[in-house]
Amino acid sequence: MKSLFKTILRPVSNWELHTKVWGIYSGNIPQTSVWGAFLTSFILIIALLATPALAAKSALDLGIAGVGARPMGMGKSFVSIADDANAVFQNPAGLAFIKSFAATSMSTRLLNRADYKLLGGIFPTKFGTVGLGYIGLNTPAGYKTTDRASLATATPISYGSSLMILSYGYDLNRRITGTAIGHMAVGGNLKFINNKFDGVEDASGGGLEADLGALVKPNKQLSLGVSLQNIWMGDTIRWNSGAKEDVPATIRIGGSFLAQKNLLVSVDTETPTTNTPILLHGGVEWTPVPILSIRVGADQDPTGPSSSVTNLTMGLGINVKGIRFDYAYRSDALQTDNSNHYFSISFAPEKPVVTEEAIANVKEEGSAFAGIASADKSVASRSISNSPVNSEEWNLAPENPEPEPTLRRVRSYDEIMAEARKAKKK
């Protein structure tokens with residue numbers, strides 16, 4: 001805690017809240033001045049996230065703990081998966097491959113003090129896929145007083161931080177075809193940050209940040225992704241007091257492999273631009289039945305310039321007609337009382353299940369259609385050759401369409417799928 005105090009002291013001093021720090025007591029309500037409460041709140045937040053002491057003038061990144069239950073259950077190794085609404089927060093390029101509306105949410109509480117909330121939605125358009133995201137943090141920060149004996153009547157101080165995200169993903173295969181690489185997509189985030197201390201005058205600040213992402217799928221089993229987070233270097237957050245902070249940039253690279261039809265394995269590397277080591281994240285998602293998914297993972301946190309600690313994660317998901325309930329548990333190897341529970345509710349339309357019987361029906365109807373069409377085309381050709389119009393003139397006149405063959409009505413794909421599902425229920 002002393003090292004955290006020393007590290008955080010310099011950026012906070014920019015606030016020039018010229019009041020005396022009476023003391024900081026871990027786990028208790030700090031009996032401090034306004035300055036002391038401000039310091040304590042930042043120390044609490046850093047401890048909650050189990051990250052190392054931040055460099056001077058570095059702001060908190062809500063994305064460290066603001067993670068959906070599904071990615072958290074897989075050790076936060078989601079950069080190359082990004083196949084649901086969590087893509088807004090993990091890799092915006094994944095939005096490009098999502099062709100229907102999707103939404104997600106998350107709620108967790110760290111050390112029984114800091115409340116995290118997450119909301120995200122995806123909206124496909126003909127110009128690409130658009131996403132919206134929100135992460136919010138709220139935590140008590142102490143009391144505004146310089147008198148230890150007046151805490152009962154002192155003004156409470158709380159810290160709040162919010163992150164609004166406007167996301168976009170585009171499928172490059174809409175413009176580029178015939179590549180040996182496979183499906184490719186790119187995406188980006190524009191992030192609006194707002195921080196505030198309630199109970200302290202002129203203690204608010206905000207700014208903008210941005211992310212870039214890319215996703216490549218060479219085949220149905222393999223997926224590779226990269227996400228450059230917080231790429232606007234410099235003092236991106238400006239406080240009313242005149243203080244400036246930056247959000248540390250991070251490079252995340254990952255790959256995932258569908259080992260079996262129901263077994264997904266994923267590994268990510270995280271390279272911070274601060275003085276911390278490269279971190280690893282890994283996870284497995286097993287779906288024994290369509291309604292149930294079981295997840296385990298490993299999530300590393302830095303503990304110093306060249307050291308890290310591995311925290312185990314686990315979770316499960318229950319999918320009922322497109323509504324998915326996800327739960328994740330993340331252990332903390334350094335602070336046992338900081339082991340957390342994550343809860344998410346998500347929605348995405350169910351994908352149609354194609355049975356072997358449905359495939360056979362499609363093939364059968366396709367053959368029947370081809371036979372009838374061929375026969376009627378032959379009849380049409382004979383009619384044309386006997387018509388007053390020369391057959392060569394007919395072929396050279398594209399504005400004259402080929403006569404429509406009189407075919408029996410062929411059932412649509414939806415009708416075939418509905419019949420297949422009905423047969424399966426029987």
# chains A, B, ... in the order shown; residues from 1 in each chain; ligands from 1

call {"tool": "residues_around", "arguments": {"residues": "Thr276 (chain A)", "least_positions_apart": "3", "cutoff": "7 Å", "atoms": "only C-alpha atoms", "output": "count of residues only"}}
result
5

call {"tool": "closest_residue", "arguments": {"among": "A:Gly234, A:Gly133, A:Pro140, A:Pro92", "to": "Lys196 (chain A)", "atoms": "only C-alpha atoms"}}
result
A:Pro140

call {"tool": "residues_around", "arguments": {"residues": "Gly136 (chain A)", "least_positions_apart": "6", "cutoff": "7 Å", "atoms": "only C-alpha atoms", "output": "ChimeraX atom specification"}}
result
/A:116-118,161-163

call {"tool": "write_last_selection", "arguments": {"atoms": "C-alpha atoms", "output": "compact mmCIF listing (two decimals), in the first residue's frame"}}
result
# COMPACT_ATOMS: atom_id res chain seq x y z
CA TYR A 116 -19.25 -2.11 -12.40
CA LYS A 117 -21.99 -2.05 -15.04
CA LEU A 118 -21.67 -2.86 -18.75
CA SER A 161 -16.24 6.97 -14.09
CA SER A 162 -18.06 6.19 -17.31
CA LEU A 163 -17.01 5.10 -20.77

call {"tool": "select_by_dssp", "arguments": {"residues": "region 175-376 of chain A", "states": "strand (DSSP E or B)", "output": "PyMOL selection string"}}
result
chain A and resi 183-198+204-217+222-229+237-239+244-246+250-260+263-272+279-289+292-302+308-320+323-330+340-347

call {"tool": "closest_residue", "arguments": {"among": "A:Leu110, A:Ala214, A:Leu190, A:Leu292", "to": "Asn138 (chain A)", "atoms": "only C-alpha atoms"}}
result
A:Leu110

call {"tool": "closest_residue", "arguments": {"among": "A:Ala65, A:Ala333, A:Ala243, A:Ile98", "to": "Gly205 (chain A)", "atoms": "only C-alpha atoms"}}
result
A:Ala243

call {"tool": "atom_distance", "arguments": {"atom1": "CA of Ser227 (chain A)", "atom2": "CA of Asp211 (chain A)"}}
result
7.1 Å

call {"tool": "closest_residue", "arguments": {"among": "A:Ile278, A:Val320, A:Asn262, A:Leu62", "to": "Arg295 (chain A)", "atoms": "only C-alpha atoms"}}
result
A:Asn262

call {"tool": "residues_around", "arguments": {"residues": "Gly182 (chain A)", "least_positions_apart": "6", "cutoff": "7 Å", "atoms": "only C-alpha atoms", "output": "ChimeraX atom specification"}}
result
/A:216-219

call {"tool": "select_by_dssp", "arguments": {"residues": "region 38-259 of chain A", "states": "helix (DSSP H, G or I)", "output": "VMD selection string"}}
result
chain A and resid 38 to 49 62 to 64 69 to 73 87 to 90 92 to 97 148 to 150 172 to 174

call {"tool": "closest_residue", "arguments": {"among": "A:Asp332, A:Asp115, A:Asp326, A:Asp246", "to": "Val309 (chain A)", "atoms": "only C-alpha atoms"}}
result
A:Asp332

call {"tool": "residues_around", "arguments": {"residues": "Asp198 (chain A)", "least_positions_apart": "4", "cutoff": "12 Å", "atoms": "only C-alpha atoms", "output": "ChimeraX atom specification"}}
result
/A:34,37-38,41,138-144,155-161,202-205

call {"tool": "write_last_selection", "arguments": {"atoms": "N, CA and C atoms", "output": "compact mmCIF listing (two decimals), in the first residue's frame"}}
result
# COMPACT_ATOMS: atom_id res chain seq x y z
N VAL A 34 -9.98 16.49 2.06
CA VAL A 34 -10.42 16.28 0.68
C VAL A 34 -9.31 15.62 -0.12
N ALA A 37 -9.04 11.97 0.78
CA ALA A 37 -10.10 11.16 0.19
C ALA A 37 -9.83 10.91 -1.29
N PHE A 38 -9.33 11.92 -1.96
CA PHE A 38 -9.01 11.77 -3.39
C PHE A 38 -7.94 10.72 -3.60
N SER A 41 -9.28 7.14 -2.84
CA SER A 41 -10.14 6.58 -3.87
C SER A 41 -9.33 5.97 -5.00
N ASN A 138 -18.73 3.01 -10.07
CA ASN A 138 -19.09 3.90 -8.97
C ASN A 138 -18.59 3.30 -7.67
N THR A 139 -17.88 4.11 -6.86
CA THR A 139 -17.34 3.60 -5.61
C THR A 139 -17.26 4.71 -4.58
N PRO A 140 -17.51 4.41 -3.30
CA PRO A 140 -17.34 5.43 -2.26
C PRO A 140 -15.87 5.81 -2.13
N ALA A 141 -15.62 7.10 -1.76
CA ALA A 141 -14.24 7.59 -1.70
C ALA A 141 -13.91 8.28 -0.39
N GLY A 142 -14.81 8.28 0.57
CA GLY A 142 -14.49 8.88 1.86
C GLY A 142 -15.40 10.04 2.19
N TYR A 143 -14.89 10.98 2.98
CA TYR A 143 -15.66 12.13 3.43
C TYR A 143 -14.87 13.41 3.26
N LYS A 144 -15.58 14.50 3.01
CA LYS A 144 -14.94 15.79 2.85
C LYS A 144 -14.88 16.48 4.22
N THR A 155 -19.62 15.68 4.53
CA THR A 155 -20.15 15.37 3.19
C THR A 155 -19.44 14.16 2.61
N PRO A 156 -20.19 13.10 2.23
CA PRO A 156 -19.52 11.93 1.64
C PRO A 156 -19.00 12.24 0.24
N ILE A 157 -17.93 11.55 -0.12
CA ILE A 157 -17.33 11.70 -1.44
C ILE A 157 -17.41 10.35 -2.16
N SER A 158 -17.81 10.38 -3.42
CA SER A 158 -17.83 9.16 -4.23
C SER A 158 -17.16 9.43 -5.56
N TYR A 159 -16.60 8.39 -6.12
CA TYR A 159 -15.92 8.50 -7.41
C TYR A 159 -16.73 7.76 -8.46
N GLY A 160 -16.95 8.41 -9.59
CA GLY A 160 -17.66 7.77 -10.69
C GLY A 160 -16.90 7.95 -11.99
N SER A 161 -16.90 6.91 -12.79
CA SER A 161 -16.24 6.97 -14.09
C SER A 161 -17.11 6.23 -15.10
N ASP A 202 -15.22 21.23 -8.62
CA ASP A 202 -14.32 21.23 -9.77
C ASP A 202 -13.46 19.97 -9.84
N ALA A 203 -14.05 18.84 -9.46
CA ALA A 203 -13.31 17.58 -9.49
C ALA A 203 -13.91 16.66 -10.54
N SER A 204 -13.89 17.10 -11.78
CA SER A 204 -14.39 16.28 -12.89
C SER A 204 -13.49 16.48 -14.11
N GLY A 205 -13.50 15.51 -14.97
CA GLY A 205 -12.68 15.58 -16.17
C GLY A 205 -13.16 14.61 -17.22

call {"tool": "residues_around", "arguments": {"residues": "Ser266 (chain A)", "least_positions_apart": "6", "cutoff": "9 Å", "atoms": "only C-alpha atoms", "output": "MDAnalysis selection string"}}
result
chainID A and resid 74 77:81 254:258 281:285

call {"tool": "closest_residue", "arguments": {"among": "A:Asp84, A:Glu419, A:Asp337, A:Glu209", "to": "Ser100 (chain A)", "atoms": "only C-alpha atoms"}}
result
A:Asp84

call {"tool": "residues_around", "arguments": {"residues": "Ile122 (chain A)", "least_positions_apart": "2", "cutoff": "10 Å", "atoms": "only C-alpha atoms", "output": "list of chain:residue names"}}
result
A:Asp84, A:Ala85, A:Asn86, A:Ala87, A:Val88, A:Leu95, A:Ala96, A:Ile98, A:Lys99, A:Ser100, A:Phe101, A:Ala102, A:Ala103, A:Thr104, A:Gly120, A:Pro124, A:Thr125, A:Thr129, A:Val130, A:Gly131, A:Leu132, A:Gly133, A:Ser167, A:Tyr168, A:Gly169, A:Ala348

call {"tool": "write_last_selection", "arguments": {"atoms": "C-alpha atoms", "output": "PDB file, in the first residue's frame"}}
result
ATOM      1  CA  ASP A  84     -21.205 -11.582 -29.976  1.00  0.00           C
ATOM      2  CA  ALA A  85     -21.981  -8.145 -28.523  1.00  0.00           C
ATOM      3  CA  ASN A  86     -18.835  -8.332 -26.362  1.00  0.00           C
ATOM      4  CA  ALA A  87     -16.935  -7.501 -29.565  1.00  0.00           C
ATOM      5  CA  VAL A  88     -17.709  -3.824 -28.898  1.00  0.00           C
ATOM      6  CA  LEU A  95     -18.913  -6.699 -35.462  1.00  0.00           C
ATOM      7  CA  ALA A  96     -18.498  -7.159 -39.206  1.00  0.00           C
ATOM      8  CA  ILE A  98     -22.440 -10.439 -36.882  1.00  0.00           C
ATOM      9  CA  LYS A  99     -25.420 -10.219 -39.226  1.00  0.00           C
ATOM     10  CA  SER A 100     -28.274  -9.671 -36.755  1.00  0.00           C
ATOM     11  CA  PHE A 101     -29.068  -7.488 -33.762  1.00  0.00           C
ATOM     12  CA  ALA A 102     -27.332  -8.546 -30.535  1.00  0.00           C
ATOM     13  CA  ALA A 103     -27.057  -7.131 -27.016  1.00  0.00           C
ATOM     14  CA  THR A 104     -25.206  -7.888 -23.782  1.00  0.00           C
ATOM     15  CA  GLY A 120     -23.590  -3.196 -25.304  1.00  0.00           C
ATOM     16  CA  PRO A 124     -26.103  -4.368 -38.689  1.00  0.00           C
ATOM     17  CA  THR A 125     -26.631  -1.948 -41.597  1.00  0.00           C
ATOM     18  CA  THR A 129     -22.193  -3.051 -38.433  1.00  0.00           C
ATOM     19  CA  VAL A 130     -22.568  -0.353 -35.783  1.00  0.00           C
ATOM     20  CA  GLY A 131     -22.183  -0.933 -32.055  1.00  0.00           C
ATOM     21  CA  LEU A 132     -22.821   1.033 -28.874  1.00  0.00           C
ATOM     22  CA  GLY A 133     -21.239   0.310 -25.502  1.00  0.00           C
ATOM     23  CA  SER A 167     -18.144   1.112 -32.531  1.00  0.00           C
ATOM     24  CA  TYR A 168     -18.022   0.113 -36.189  1.00  0.00           C
ATOM     25  CA  GLY A 169     -16.983  -3.027 -38.055  1.00  0.00           C
ATOM     26  CA  ALA A 348     -28.897 -12.859 -30.149  1.00  0.00           C
TER      27      ALA A 348
END

call {"tool": "atom_distance", "arguments": {"atom1": "CA of Asp299 (chain A)", "atom2": "CA of Leu224 (chain A)"}}
result
19.0 Å
